[in-house]
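Student: Here you go, this is structure-v5.cif (mmCIF, C-alpha atoms and all ligand atoms).
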```
data_my_file
#
loop_
_atom_site.label_atom_id
_atom_site.label_comp_id
_atom_site.auth_asym_id
_atom_site.auth_seq_id
_atom_site.Cartn_x
_atom_site.Cartn_y
_atom_site.Cartn_z
CA MET G 734 48.55 -198.19 -43.72
CA SER G 735 49.19 -199.42 -40.22
CA ASP G 736 47.38 -201.99 -38.14
CA GLU G 737 47.71 -199.71 -35.12
CA GLN G 738 44.71 -197.68 -36.23
CA ILE G 739 42.36 -200.57 -36.95
CA THR G 740 41.83 -203.71 -34.91
CA ASN G 741 39.75 -206.81 -35.43
CA GLY G 742 37.51 -205.50 -32.65
CA GLY G 743 36.81 -202.46 -34.81
CA THR G 744 36.07 -204.47 -37.95
CA THR G 745 33.64 -206.85 -36.23
CA VAL G 746 30.22 -206.77 -37.83
CA PHE G 747 27.04 -206.65 -35.73
CA ASN G 748 24.59 -209.52 -36.29
CA LEU G 749 20.91 -209.31 -35.40
CA GLY G 750 20.78 -212.91 -34.20
CA GLU G 751 20.73 -216.57 -35.10
CA CYS G 752 20.27 -217.39 -38.79
CA ARG G 753 17.32 -219.78 -38.63
CA TYR G 754 16.40 -219.99 -42.31
CA GLU G 755 18.03 -221.77 -45.19
CA SER G 756 18.99 -219.47 -48.04
CA PRO G 757 16.70 -219.88 -51.05
CA LEU G 758 19.61 -219.06 -53.40
CA ARG G 759 20.52 -221.86 -55.78
CA ILE G 760 24.20 -221.11 -56.18
CA PRO G 761 27.30 -223.34 -56.08
CA GLN G 762 29.18 -221.45 -53.38
CA PHE G 763 28.30 -219.72 -50.15
CA ILE G 764 30.61 -217.68 -47.95
CA GLU G 765 31.48 -219.25 -44.61
CA GLU G 766 30.92 -217.09 -41.54
CA GLY G 767 34.32 -215.98 -40.30
CA SER G 768 35.79 -215.63 -43.78
CA GLY G 769 37.89 -212.48 -43.92
CA ILE G 770 39.71 -210.19 -46.32
CA LEU G 771 43.08 -208.93 -45.14
CA TYR G 772 43.26 -205.24 -44.35
CA ASP G 773 46.91 -205.00 -45.34
CA VAL G 774 48.05 -207.29 -48.15
CA ARG G 775 51.69 -206.26 -48.26
CA LEU G 776 53.91 -209.26 -47.68
CA GLU G 777 56.46 -207.50 -45.50
CA ASP G 778 53.73 -206.09 -43.24
CA LEU G 779 52.13 -209.50 -42.92
CA GLN G 780 55.44 -211.12 -42.12
CA SER G 781 56.34 -208.51 -39.53
CA SER G 782 52.90 -208.85 -37.87
CA LEU G 783 53.35 -212.62 -37.73
CA ARG G 784 56.84 -212.28 -36.29
CA ALA G 785 55.62 -209.80 -33.67
CA LYS G 786 52.60 -212.06 -32.97
CA LYS G 787 50.33 -209.11 -33.72
CA GLU G 788 46.78 -209.79 -34.78
CA ILE G 789 46.16 -209.95 -38.52
CA VAL G 790 43.43 -207.43 -39.19
CA ALA G 791 40.69 -208.39 -41.63
CA PHE G 792 37.31 -207.21 -42.86
CA GLU G 793 34.38 -209.59 -43.03
CA ASN G 794 34.07 -211.18 -46.44
CA ALA G 795 30.76 -210.20 -48.06
CA GLY G 796 28.69 -212.61 -50.13
CA PRO G 797 25.78 -215.01 -49.71
CA ARG G 798 25.34 -217.06 -46.54
CA LYS G 799 23.89 -220.58 -46.47
CA ARG G 800 21.69 -219.67 -43.55
CA ILE G 801 19.90 -216.36 -43.29
CA TYR G 802 18.29 -214.35 -40.51
CA PHE G 803 15.14 -213.06 -42.17
CA ASN G 804 12.34 -215.26 -43.44
CA PRO G 805 11.98 -213.89 -47.00
CA SER G 806 8.21 -214.37 -47.26
CA GLU G 807 7.74 -212.15 -44.20
CA THR G 808 10.39 -209.56 -44.99
CA THR G 809 9.94 -205.94 -46.04
CA ALA G 810 12.95 -204.00 -47.28
CA ALA G 811 13.26 -200.30 -48.03
CA ILE G 812 15.70 -198.28 -50.11
CA VAL G 813 16.62 -194.64 -49.60
CA THR G 814 18.95 -192.48 -51.71
CA CYS G 815 20.48 -189.32 -50.21
CA GLY G 816 22.88 -186.52 -51.10
CA GLY G 817 24.05 -185.41 -54.53
CA ILE G 818 23.34 -187.69 -57.47
CA CYS G 819 25.97 -190.01 -58.87
CA PRO G 820 26.17 -192.32 -61.91
CA GLY G 821 24.86 -195.78 -61.05
CA ILE G 822 22.28 -195.06 -58.34
CA ASN G 823 19.48 -196.52 -60.47
CA ASP G 824 21.66 -199.54 -61.25
CA VAL G 825 21.99 -200.18 -57.51
CA ILE G 826 18.25 -199.70 -56.94
CA LYS G 827 17.35 -202.12 -59.73
CA SER G 828 19.77 -204.81 -58.56
CA LEU G 829 18.62 -204.50 -54.96
CA VAL G 830 15.00 -204.99 -55.99
CA VAL G 831 15.72 -207.88 -58.36
CA GLU G 832 17.96 -209.67 -55.84
CA LEU G 833 15.51 -209.16 -52.99
CA ILE G 834 12.37 -210.19 -54.81
CA ASP G 835 13.44 -212.55 -57.61
CA GLN G 836 16.32 -214.27 -55.83
CA TYR G 837 15.41 -214.21 -52.14
CA GLY G 838 11.63 -213.95 -52.59
CA VAL G 839 11.07 -211.14 -50.10
CA LYS G 840 7.52 -209.97 -49.67
CA ARG G 841 7.86 -206.25 -50.31
CA VAL G 842 10.34 -203.55 -51.28
CA LEU G 843 9.58 -199.89 -50.62
CA GLY G 844 11.31 -196.93 -52.20
CA ILE G 845 11.66 -194.05 -49.74
CA ARG G 846 11.23 -190.73 -51.53
CA TYR G 847 13.60 -187.76 -51.40
CA GLY G 848 16.27 -189.06 -49.07
CA TYR G 849 15.91 -189.07 -45.30
CA GLU G 850 13.02 -186.58 -45.66
CA GLY G 851 10.96 -189.57 -46.83
CA LEU G 852 11.33 -191.14 -43.39
CA ILE G 853 9.76 -188.11 -41.70
CA PRO G 854 5.97 -188.14 -42.26
CA ASP G 855 5.69 -184.31 -41.98
CA TYR G 856 7.18 -183.95 -45.47
CA GLY G 857 4.34 -186.00 -46.92
CA HIS G 858 6.52 -188.05 -49.28
CA ARG G 859 4.77 -191.40 -49.47
CA PRO G 860 6.99 -194.45 -50.17
CA MET G 861 6.65 -196.14 -53.56
CA GLU G 862 6.30 -199.88 -54.04
CA LEU G 863 9.20 -201.26 -56.08
CA THR G 864 9.00 -204.41 -58.19
CA PRO G 865 11.42 -205.98 -60.70
CA LEU G 866 9.06 -204.80 -63.43
CA SER G 867 8.79 -201.22 -62.18
CA VAL G 868 12.60 -200.87 -62.09
CA SER G 869 13.34 -202.86 -65.24
CA THR G 870 14.23 -199.89 -67.44
CA ILE G 871 15.76 -197.43 -64.99
CA THR G 872 19.43 -198.28 -65.45
CA HIS G 873 20.00 -196.13 -68.51
CA ARG G 874 18.97 -193.00 -66.67
CA GLY G 875 21.22 -190.83 -64.56
CA GLY G 876 19.95 -189.50 -61.23
CA THR G 877 17.79 -191.45 -58.83
CA LEU G 878 14.35 -192.90 -59.40
CA LEU G 879 13.51 -192.28 -55.74
CA GLY G 880 14.55 -188.65 -55.52
CA THR G 881 17.07 -187.39 -53.01
CA SER G 882 17.71 -184.64 -50.47
CA ARG G 883 20.57 -183.41 -48.38
CA GLY G 884 20.53 -183.07 -44.62
CA LEU G 885 20.09 -185.41 -41.71
CA GLN G 886 16.69 -185.91 -40.10
CA ASP G 887 15.87 -186.89 -36.53
CA PRO G 888 17.03 -190.55 -36.25
CA GLU G 889 14.42 -191.36 -33.55
CA ARG G 890 11.62 -190.26 -35.85
CA MET G 891 13.13 -192.07 -38.82
CA VAL G 892 13.23 -195.29 -36.80
CA ASP G 893 9.58 -194.71 -35.78
CA THR G 894 8.74 -194.69 -39.51
CA LEU G 895 10.68 -197.91 -40.11
CA VAL G 896 8.72 -199.58 -37.31
CA GLN G 897 5.35 -198.20 -38.48
CA ASN G 898 5.99 -199.57 -41.99
CA ASN G 899 7.25 -202.95 -40.72
CA ILE G 900 10.58 -202.40 -42.46
CA ASP G 901 13.10 -205.14 -41.64
CA ILE G 902 16.02 -204.03 -43.81
CA LEU G 903 16.92 -200.46 -44.77
CA PHE G 904 19.38 -199.90 -47.61
CA THR G 905 20.86 -196.40 -47.58
CA ILE G 906 22.62 -195.27 -50.74
CA GLY G 907 24.77 -192.22 -50.19
CA GLY G 908 28.08 -190.65 -49.29
CA ASP G 909 29.71 -189.71 -46.02
CA GLY G 910 26.75 -187.74 -44.64
CA THR G 911 24.29 -190.48 -45.58
CA LEU G 912 26.45 -193.11 -43.91
CA ARG G 913 26.60 -190.97 -40.77
CA GLY G 914 22.81 -190.82 -40.91
CA ALA G 915 22.68 -194.60 -41.29
CA ALA G 916 24.98 -194.95 -38.27
CA ALA G 917 22.66 -192.71 -36.24
CA ILE G 918 19.64 -194.81 -37.30
CA PHE G 919 21.54 -197.98 -36.38
CA ASP G 920 22.35 -196.56 -32.92
CA VAL G 921 18.67 -195.89 -32.22
CA ILE G 922 17.75 -199.38 -33.47
CA ARG G 923 20.27 -200.92 -31.10
CA LYS G 924 19.19 -198.74 -28.21
CA ARG G 925 15.60 -199.90 -28.70
CA ASP G 926 16.76 -203.49 -29.33
CA LEU G 927 14.88 -203.67 -32.64
CA LYS G 928 15.59 -206.35 -35.22
CA ILE G 929 16.14 -204.07 -38.19
CA SER G 930 19.13 -204.32 -40.48
CA VAL G 931 20.76 -201.13 -41.83
CA ILE G 932 23.04 -201.54 -44.82
CA GLY G 933 24.95 -198.63 -46.36
CA ILE G 934 25.98 -198.62 -50.01
CA PRO G 935 28.67 -195.95 -50.46
CA LYS G 936 28.01 -193.54 -53.30
CA THR G 937 29.88 -190.41 -54.28
CA ILE G 938 31.77 -189.26 -57.32
CA ASP G 939 34.30 -187.72 -54.93
CA ASN G 940 35.51 -191.23 -53.93
CA ASP G 941 36.19 -189.94 -50.41
CA ILE G 942 34.86 -192.86 -48.36
CA ASP G 943 37.51 -194.59 -46.29
CA LEU G 944 38.26 -198.34 -46.23
CA ILE G 945 37.03 -199.14 -49.72
CA ASP G 946 38.90 -199.23 -53.00
CA ARG G 947 36.44 -196.89 -54.69
CA THR G 948 32.87 -195.66 -54.60
CA PHE G 949 30.49 -196.43 -57.45
CA GLY G 950 30.08 -193.58 -59.93
CA PHE G 951 33.66 -192.41 -59.51
CA GLU G 952 34.95 -194.20 -62.59
CA THR G 953 32.16 -192.74 -64.76
CA ALA G 954 32.70 -189.23 -63.35
CA VAL G 955 36.42 -189.47 -64.09
CA ALA G 956 35.70 -190.53 -67.67
CA GLU G 957 33.43 -187.48 -68.12
CA ALA G 958 35.93 -185.14 -66.45
CA THR G 959 38.67 -186.51 -68.70
CA LYS G 960 36.72 -185.35 -71.76
CA ALA G 961 36.76 -181.82 -70.33
CA VAL G 962 40.54 -181.96 -69.80
CA GLN G 963 41.03 -183.22 -73.35
CA SER G 964 38.91 -180.35 -74.66
CA ALA G 965 40.96 -177.88 -72.61
CA TYR G 966 44.12 -179.36 -74.13
CA ALA G 967 42.74 -179.04 -77.67
CA GLU G 968 41.87 -175.39 -77.02
CA ALA G 969 45.14 -174.56 -75.27
CA THR G 970 47.38 -176.12 -77.89
CA SER G 971 45.57 -174.40 -80.74
CA PHE G 972 46.49 -170.87 -79.64
CA ARG G 973 49.77 -169.18 -78.81
CA ASN G 974 50.12 -168.95 -75.02
CA GLY G 975 46.94 -170.96 -74.68
CA ILE G 976 45.73 -171.85 -71.23
CA GLY G 977 43.17 -174.60 -70.66
CA LEU G 978 41.74 -174.36 -67.17
CA VAL G 979 39.32 -177.04 -65.95
CA ARG G 980 37.51 -177.04 -62.62
CA VAL G 981 35.98 -180.33 -61.50
CA MET G 982 34.03 -181.42 -58.42
CA GLY G 983 35.85 -182.66 -55.35
CA ARG G 984 35.20 -180.82 -52.12
CA ASP G 985 37.61 -182.35 -49.63
CA SER G 986 39.35 -184.89 -51.83
CA GLY G 987 40.87 -184.27 -55.24
CA PHE G 988 40.55 -187.76 -56.69
CA ILE G 989 38.50 -186.72 -59.74
CA ALA G 990 41.02 -184.00 -60.65
CA ALA G 991 43.98 -186.33 -60.13
CA PHE G 992 42.51 -189.24 -62.10
CA ALA G 993 41.17 -187.07 -64.94
CA ALA G 994 44.65 -185.53 -65.24
CA LEU G 995 46.25 -188.98 -65.30
CA ALA G 996 43.69 -190.40 -67.73
CA SER G 997 44.13 -187.54 -70.20
CA ASN G 998 47.85 -187.31 -69.45
CA VAL G 999 48.00 -183.77 -70.82
CA ALA G 1000 47.78 -181.70 -67.64
CA ASP G 1001 50.67 -179.53 -66.52
CA PHE G 1002 49.24 -178.66 -63.12
CA VAL G 1003 46.79 -180.46 -60.85
CA LEU G 1004 45.49 -178.54 -57.85
CA VAL G 1005 43.71 -180.48 -55.10
CA PRO G 1006 42.45 -179.64 -51.60
CA GLU G 1007 45.02 -181.91 -49.97
CA VAL G 1008 48.09 -180.16 -51.38
CA PRO G 1009 48.59 -176.43 -50.71
CA PHE G 1010 49.90 -174.15 -53.44
CA VAL G 1011 50.73 -170.48 -53.80
CA LEU G 1012 50.02 -168.16 -56.72
CA ARG G 1013 52.86 -165.66 -56.50
CA GLY G 1014 56.62 -166.00 -56.09
CA GLU G 1015 59.35 -167.94 -57.84
CA SER G 1016 57.71 -171.36 -57.60
CA GLY G 1017 54.14 -170.08 -57.43
CA LEU G 1018 51.58 -171.25 -59.99
CA LEU G 1019 51.59 -168.03 -62.04
CA ASN G 1020 55.32 -167.98 -62.57
CA ARG G 1021 55.28 -171.68 -63.40
CA ILE G 1022 52.60 -171.16 -66.06
CA HIS G 1023 54.78 -168.44 -67.51
CA ALA G 1024 57.69 -170.91 -67.69
CA LYS G 1025 55.46 -173.33 -69.62
CA PHE G 1026 54.97 -170.69 -72.30
CA THR G 1027 58.72 -170.52 -72.85
CA GLU G 1028 58.91 -174.29 -72.88
CA LYS G 1029 55.92 -175.19 -75.06
CA ARG G 1030 53.56 -172.21 -75.51
CA TYR G 1031 50.59 -173.59 -73.62
CA ALA G 1032 49.55 -174.89 -70.21
CA VAL G 1033 46.71 -177.14 -69.01
CA ILE G 1034 45.52 -176.79 -65.41
CA VAL G 1035 43.06 -179.08 -63.62
CA VAL G 1036 41.68 -177.83 -60.32
CA ALA G 1037 39.38 -179.53 -57.82
CA GLU G 1038 36.65 -177.28 -56.43
CA GLY G 1039 37.95 -177.61 -52.85
CA ALA G 1040 41.52 -176.59 -53.71
CA GLY G 1041 42.89 -173.23 -52.60
CA GLN G 1042 39.95 -172.38 -50.35
CA GLU G 1043 42.36 -170.49 -48.09
CA PHE G 1044 42.44 -167.77 -50.80
CA PHE G 1045 38.85 -166.98 -49.85
CA GLY G 1046 39.62 -166.56 -46.17
CA GLY G 1047 37.50 -169.60 -45.29
CA GLY G 1048 40.30 -171.45 -43.54
CA GLY G 1049 40.61 -174.32 -45.99
CA ALA G 1050 38.46 -177.13 -47.23
CA VAL G 1051 37.85 -179.10 -44.09
CA GLY G 1052 35.09 -181.65 -43.44
CA SER G 1053 31.55 -180.98 -44.51
CA GLN G 1054 28.46 -182.69 -43.12
CA THR G 1055 25.36 -183.66 -45.05
CA VAL G 1056 24.65 -180.08 -46.06
CA ASN G 1057 27.65 -178.78 -47.97
CA ARG G 1058 29.41 -175.63 -46.86
CA GLU G 1059 29.49 -172.93 -49.54
CA PHE G 1060 32.88 -172.83 -51.27
CA GLY G 1061 34.59 -169.96 -53.08
CA ASN G 1062 34.86 -170.64 -56.82
CA ILE G 1063 38.53 -171.49 -57.27
CA GLY G 1064 38.09 -171.74 -61.05
CA HIS G 1065 36.93 -168.13 -61.32
CA LEU G 1066 39.63 -166.96 -58.92
CA LEU G 1067 42.37 -168.66 -60.95
CA LYS G 1068 40.97 -167.33 -64.20
CA ASP G 1069 41.06 -163.76 -62.84
CA GLU G 1070 44.48 -164.12 -61.20
CA ILE G 1071 46.08 -165.66 -64.31
CA SER G 1072 44.57 -163.02 -66.63
CA GLY G 1073 45.64 -160.19 -64.29
CA TYR G 1074 49.17 -161.54 -63.93
CA PHE G 1075 49.83 -161.78 -67.67
CA ARG G 1076 48.14 -158.43 -68.29
CA GLU G 1077 50.61 -156.87 -65.82
CA LEU G 1078 53.47 -158.54 -67.71
CA ASP G 1079 51.98 -157.48 -71.03
CA VAL G 1080 52.05 -161.07 -72.24
CA PRO G 1081 49.02 -161.90 -74.42
CA ILE G 1082 47.31 -165.18 -73.46
CA ASN G 1083 44.37 -167.22 -74.70
CA MET G 1084 42.51 -168.60 -71.74
CA LYS G 1085 39.72 -171.16 -72.10
CA TYR G 1086 37.92 -172.01 -68.88
CA ILE G 1087 35.82 -175.19 -68.71
CA ASP G 1088 33.66 -176.29 -65.78
CA PRO G 1089 31.82 -179.54 -66.59
CA SER G 1090 30.01 -179.10 -63.27
CA TYR G 1091 27.02 -181.43 -62.83
CA ILE G 1092 27.54 -183.06 -66.23
CA ILE G 1093 30.05 -185.49 -64.75
CA ARG G 1094 27.65 -186.86 -62.15
CA SER G 1095 24.31 -186.86 -63.97
CA VAL G 1096 25.18 -189.28 -66.76
CA GLU G 1097 24.37 -193.01 -66.77
CA ALA G 1098 26.96 -195.35 -65.32
CA SER G 1099 29.80 -196.65 -67.48
CA ALA G 1100 29.82 -200.40 -68.18
CA ASP G 1101 32.43 -200.94 -65.48
CA ASP G 1102 30.51 -198.90 -62.90
CA ALA G 1103 27.24 -200.62 -63.87
CA VAL G 1104 28.74 -204.04 -63.13
CA PHE G 1105 30.23 -202.72 -59.91
CA CYS G 1106 26.82 -201.35 -58.84
CA LEU G 1107 25.18 -204.71 -59.50
CA MET G 1108 27.77 -206.53 -57.41
CA LEU G 1109 27.54 -204.02 -54.56
CA ALA G 1110 23.75 -204.33 -54.53
CA GLN G 1111 23.78 -208.14 -54.52
CA ASN G 1112 26.26 -208.16 -51.66
CA ALA G 1113 24.22 -205.58 -49.77
CA VAL G 1114 21.20 -207.88 -50.02
CA HIS G 1115 23.24 -210.88 -48.84
CA GLY G 1116 24.33 -208.82 -45.82
CA GLY G 1117 20.82 -207.66 -45.01
CA MET G 1118 19.19 -211.07 -45.42
CA SER G 1119 21.78 -212.71 -43.18
CA GLY G 1120 21.01 -210.21 -40.41
CA LYS G 1121 24.11 -208.02 -40.56
CA SER G 1122 23.43 -204.47 -39.47
CA GLY G 1123 25.19 -201.13 -39.22
CA ILE G 1124 27.48 -202.05 -42.09
CA MET G 1125 28.67 -200.61 -45.34
CA VAL G 1126 29.27 -202.91 -48.28
CA GLY G 1127 32.43 -202.18 -50.20
CA LYS G 1128 35.33 -203.60 -52.13
CA TRP G 1129 38.77 -203.93 -50.64
CA ASN G 1130 41.78 -205.55 -52.28
CA SER G 1131 39.48 -206.94 -55.01
CA PHE G 1132 37.03 -208.63 -52.61
CA PHE G 1133 33.64 -207.45 -51.45
CA THR G 1134 33.55 -206.67 -47.75
CA PHE G 1135 31.21 -205.75 -44.90
CA VAL G 1136 32.66 -202.88 -42.86
CA PRO G 1137 31.02 -201.37 -39.74
CA ILE G 1138 29.70 -197.96 -40.79
CA GLY G 1139 31.11 -196.28 -37.66
CA LEU G 1140 34.59 -197.37 -38.70
CA ALA G 1141 34.15 -196.24 -42.30
CA VAL G 1142 33.04 -192.70 -41.43
CA ARG G 1143 35.61 -191.94 -38.76
CA LYS G 1144 37.64 -190.12 -41.41
CA ARG G 1145 37.40 -189.24 -45.07
CA LYS G 1146 39.62 -190.78 -47.68
CA ARG G 1147 41.90 -188.09 -49.10
CA ILE G 1148 44.92 -187.99 -51.35
CA ASP G 1149 48.08 -188.54 -49.31
CA PRO G 1150 50.55 -185.86 -50.48
CA ASN G 1151 53.34 -188.35 -49.67
CA GLY G 1152 51.59 -191.36 -51.18
CA TYR G 1153 51.75 -193.21 -54.47
CA LEU G 1154 48.87 -191.46 -56.24
CA TRP G 1155 50.23 -187.97 -55.70
CA SER G 1156 53.71 -189.09 -56.66
CA ILE G 1157 52.49 -190.37 -60.05
CA VAL G 1158 50.56 -187.15 -60.59
CA ARG G 1159 53.77 -185.23 -59.93
CA GLU G 1160 55.69 -187.47 -62.32
CA ALA G 1161 53.07 -187.27 -65.08
CA THR G 1162 52.71 -183.50 -64.87
CA GLY G 1163 56.21 -182.57 -63.76
CA GLN G 1164 54.61 -179.87 -61.62
CA GLY G 1165 56.83 -180.28 -58.55
CA ASP G 1166 55.95 -178.18 -55.51
CA LEU G 1167 53.97 -175.00 -56.06
CA ILE G 1168 54.94 -173.52 -52.75
O1 LIG D 1201 29.39 -184.85 -52.86
C1 LIG D 1201 29.53 -184.94 -54.23
C2 LIG D 1201 29.51 -183.62 -54.88
O2 LIG D 1201 29.45 -183.93 -56.20
C3 LIG D 1201 30.67 -182.67 -54.54
O3 LIG D 1201 31.83 -182.89 -55.28
C4 LIG D 1201 30.07 -181.34 -54.84
O4 LIG D 1201 30.68 -180.31 -54.14
C5 LIG D 1201 28.69 -181.51 -54.36
O5 LIG D 1201 28.36 -182.86 -54.57
C6 LIG D 1201 27.74 -180.56 -55.04
O6 LIG D 1201 26.43 -181.01 -54.89
P1 LIG D 1201 25.16 -180.08 -54.67
O7 LIG D 1201 25.31 -178.88 -55.54
O8 LIG D 1201 24.03 -180.97 -55.07
O9 LIG D 1201 25.13 -179.74 -53.22
#
```
For this file, write the structure as structure tokens.
Ligand code: F6P
Tutor:
Amino acid sequence: MSDEQITNGGTTVFNLGECRYESPLRIPQFIEEGSGILYDVRLEDLQSSLRAKKEIVAFENAGPRKRIYFNPSETTAAIVTCGGICPGINDVIKSLVVELIDQYGVKRVLGIRYGYEGLIPDYGHRPMELTPLSVSTITHRGGTLLGTSRGLQDPERMVDTLVQNNIDILFTIGGDGTLRGAAAIFDVIRKRDLKISVIGIPKTIDNDIDLIDRTFGFETAVAEATKAVQSAYAEATSFRNGIGLVRVMGRDSGFIAAFAALASNVADFVLVPEVPFVLRGESGLLNRIHAKFTEKRYAVIVVAEGAGQEFFGGGGAVGSQTVNREFGNIGHLLKDEISGYFRELDVPINMKYIDPSYIIRSVEASADDAVFCLMLAQNAVHGGMSGKSGIMVGKWNSFFTFVPIGLAVRKRKRIDPNGYLWSIVREATGQGDLI
């Protein structure tokens, strides 16, 4: 991480205006304006920045402010959920509603139906009124109470809808594409000089949003994916020359595959979009599986869906927008290639292919994710009520932060092939380079 890429100018949060109201929250501690969370917490980096008199880059510390921008009794908030589902969305919705209405006393909370489509009247999705009572039991359900859709809509028309419905704060729950949509809405709001706050709450099991420790739902998805890897291990080890092959989600970033492999600690090979591999040749995957048979008579392989896309002639798994590009099925390709290779060699194998697919993202949030969702939602409300706009709420170095959305979406978070995570995957699996 280097300070060269990010400056304090880039981390500065936009405020709608003077905070004229006292917060109704009865809590012992408020966050002072100007409180920051260091971008880089490594001592040697900090010391060298101080020596070189370089600015110390920080994100704005999230949390409740003593004085707020919106008068709660006159405030209408809206919540929209976009993109693929993810464990914990309903937890976030519930905590937003409870914090807004029960804690701040806002007048009204609207649930926008079916993603950004719900902000375009032509679709005919009418918003639903949300109350603490109406959301009281939704947390034990996967999916989203509000419905979702993929694809960006015209930001000018979406802002028209916000204005027509007197919406003061819009909470957008979604991944990279949703945050880009929120940034586009924010741009229109600024251009028209409207006093509407836009707060993004990053959601995706892929964990590919930059400048946050993790997205909500990721931990739950990893736990579910880990069960699949453990099943593959049980199958593979129960047969001579057994192969357990598991394909998990992860389009551009292989975090689920890497963490599920580490959590189960039984994988021999982890294949992710960020690290190229070859099938044939001395150190190719097929030959290396063969070597595992000599060594221990089985092999477990975990592959992220975006890995090896170059085998399909698509030019690799590079950036997708809100509507996902169609990928070749790397699980099926590997299954066929491995079977064909050992057939040619006349080596009998027992291959068990598992694709947990949507199961890992449609379950309810784990306890840890549920708490994380609640904290994210409360901080999102604090940000909105204090008039911050165009921000994403996240967690960085164990503190909750407000990060300008434009900064967060400038690149995706991906596994660094030379970084710590990939090095521990290599150590745990012993897979080395497959190239
Ligand atoms: O973005 C999250 C994600 O789970 C990806 O890993 C996956 O490729 C995608 O959603 C699939 O979603 P859908 O089938 O709904 O487009």
Student: Name the residues within 12 Å of (42.4, -205.1, -35.4), counting all atoms listed in the file in the file's coordinates, and put them as a PDB file with C-alpha atoms, in the coordinates of the input.
Tutor:
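What follows is the written file result_28.pdb:
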```
ATOM      1  CA  SER G 735      49.190-199.420 -40.220  1.00  0.00           C
ATOM      2  CA  ASP G 736      47.380-201.990 -38.140  1.00  0.00           C
ATOM      3  CA  GLU G 737      47.710-199.710 -35.120  1.00  0.00           C
ATOM      4  CA  GLN G 738      44.710-197.680 -36.230  1.00  0.00           C
ATOM      5  CA  ILE G 739      42.360-200.570 -36.950  1.00  0.00           C
ATOM      6  CA  THR G 740      41.830-203.710 -34.910  1.00  0.00           C
ATOM      7  CA  ASN G 741      39.750-206.810 -35.430  1.00  0.00           C
ATOM      8  CA  GLY G 742      37.510-205.500 -32.650  1.00  0.00           C
ATOM      9  CA  GLY G 743      36.810-202.460 -34.810  1.00  0.00           C
ATOM     10  CA  THR G 744      36.070-204.470 -37.950  1.00  0.00           C
ATOM     11  CA  THR G 745      33.640-206.850 -36.230  1.00  0.00           C
ATOM     12  CA  LEU G 771      43.080-208.930 -45.140  1.00  0.00           C
ATOM     13  CA  TYR G 772      43.260-205.240 -44.350  1.00  0.00           C
ATOM     14  CA  ASP G 773      46.910-205.000 -45.340  1.00  0.00           C
ATOM     15  CA  SER G 782      52.900-208.850 -37.870  1.00  0.00           C
ATOM     16  CA  LYS G 787      50.330-209.110 -33.720  1.00  0.00           C
ATOM     17  CA  GLU G 788      46.780-209.790 -34.780  1.00  0.00           C
ATOM     18  CA  ILE G 789      46.160-209.950 -38.520  1.00  0.00           C
ATOM     19  CA  VAL G 790      43.430-207.430 -39.190  1.00  0.00           C
ATOM     20  CA  ALA G 791      40.690-208.390 -41.630  1.00  0.00           C
ATOM     21  CA  PHE G 792      37.310-207.210 -42.860  1.00  0.00           C
ATOM     22  CA  GLU G 793      34.380-209.590 -43.030  1.00  0.00           C
ATOM     23  CA  LEU G1140      34.590-197.370 -38.700  1.00  0.00           C
TER      24      LEU G1140
END
```
Student: Which one is closest to ligand LIG 1201 (chain D): G:Arg923, G:His1115, G:Arg1143, G:Arg984? Count only C-alpha atoms and all ligand atoms.
Tutor: G:Arg984
Student: Identify which of the residues G:Ile1092, G:Ala1161, G:Leu912, G:Ala954 lies closest to Val999 (chain G), counting all atoms listed in the file when measuring atom-to-atom distances.
Tutor: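 Nearest to Val999 (chain G): G:Ala1161.
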Student: Using all atoms listed in the file, pick whichever of G:Thr864, G:Ser869, G:Asn898, G:Thr948 has the shortest atom-to-atom distance to ligand LIG 1201 (chain D).
Tutor: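 The closest residue to ligand LIG 1201 (chain D) is G:Thr948.
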Student: Where does chain G meet ligand LIG 1201 (chain D) within 8 Å, residue by residue, with the nearest atom pair and distance in Å to one decimal for each, counting all atoms listed in the file, listed by chain and rising number, as a Markdown table?
Tutor:
```
| residue | atom | partner | partner_atom | distance |
| --- | --- | --- | --- | --- |
| G:Gly816 | CA | D:LIG1201 | O8 | 6.9 |
| G:Gly817 | CA | D:LIG1201 | O8 | 4.5 |
| G:Ile818 | CA | D:LIG1201 | O8 | 7.2 |
| G:Cys819 | CA | D:LIG1201 | O2 | 7.5 |
| G:Arg883 | CA | D:LIG1201 | O9 | 7.6 |
| G:Gly908 | CA | D:LIG1201 | O1 | 6.9 |
| G:Thr937 | CA | D:LIG1201 | C1 | 5.5 |
| G:Ile938 | CA | D:LIG1201 | C1 | 5.8 |
| G:Asp939 | CA | D:LIG1201 | O3 | 5.4 |
| G:Val981 | CA | D:LIG1201 | O3 | 7.9 |
| G:Met982 | CA | D:LIG1201 | O3 | 4.1 |
| G:Gly983 | CA | D:LIG1201 | O3 | 4.0 |
| G:Arg984 | CA | D:LIG1201 | O4 | 5.0 |
| G:Glu1038 | CA | D:LIG1201 | O4 | 7.1 |
| G:Gly1039 | CA | D:LIG1201 | O4 | 7.9 |
| G:Val1056 | CA | D:LIG1201 | O9 | 7.2 |
| G:Asn1057 | CA | D:LIG1201 | O9 | 5.9 |
| G:Tyr1091 | CA | D:LIG1201 | O2 | 7.5 |
| G:Arg1094 | CA | D:LIG1201 | O2 | 6.9 |
```
Student: How many Å lie between CA of Ile1063 (chain G) and CA of Cys815 (chain G), rounded to one decimal?
Tutor: 26.3 Å
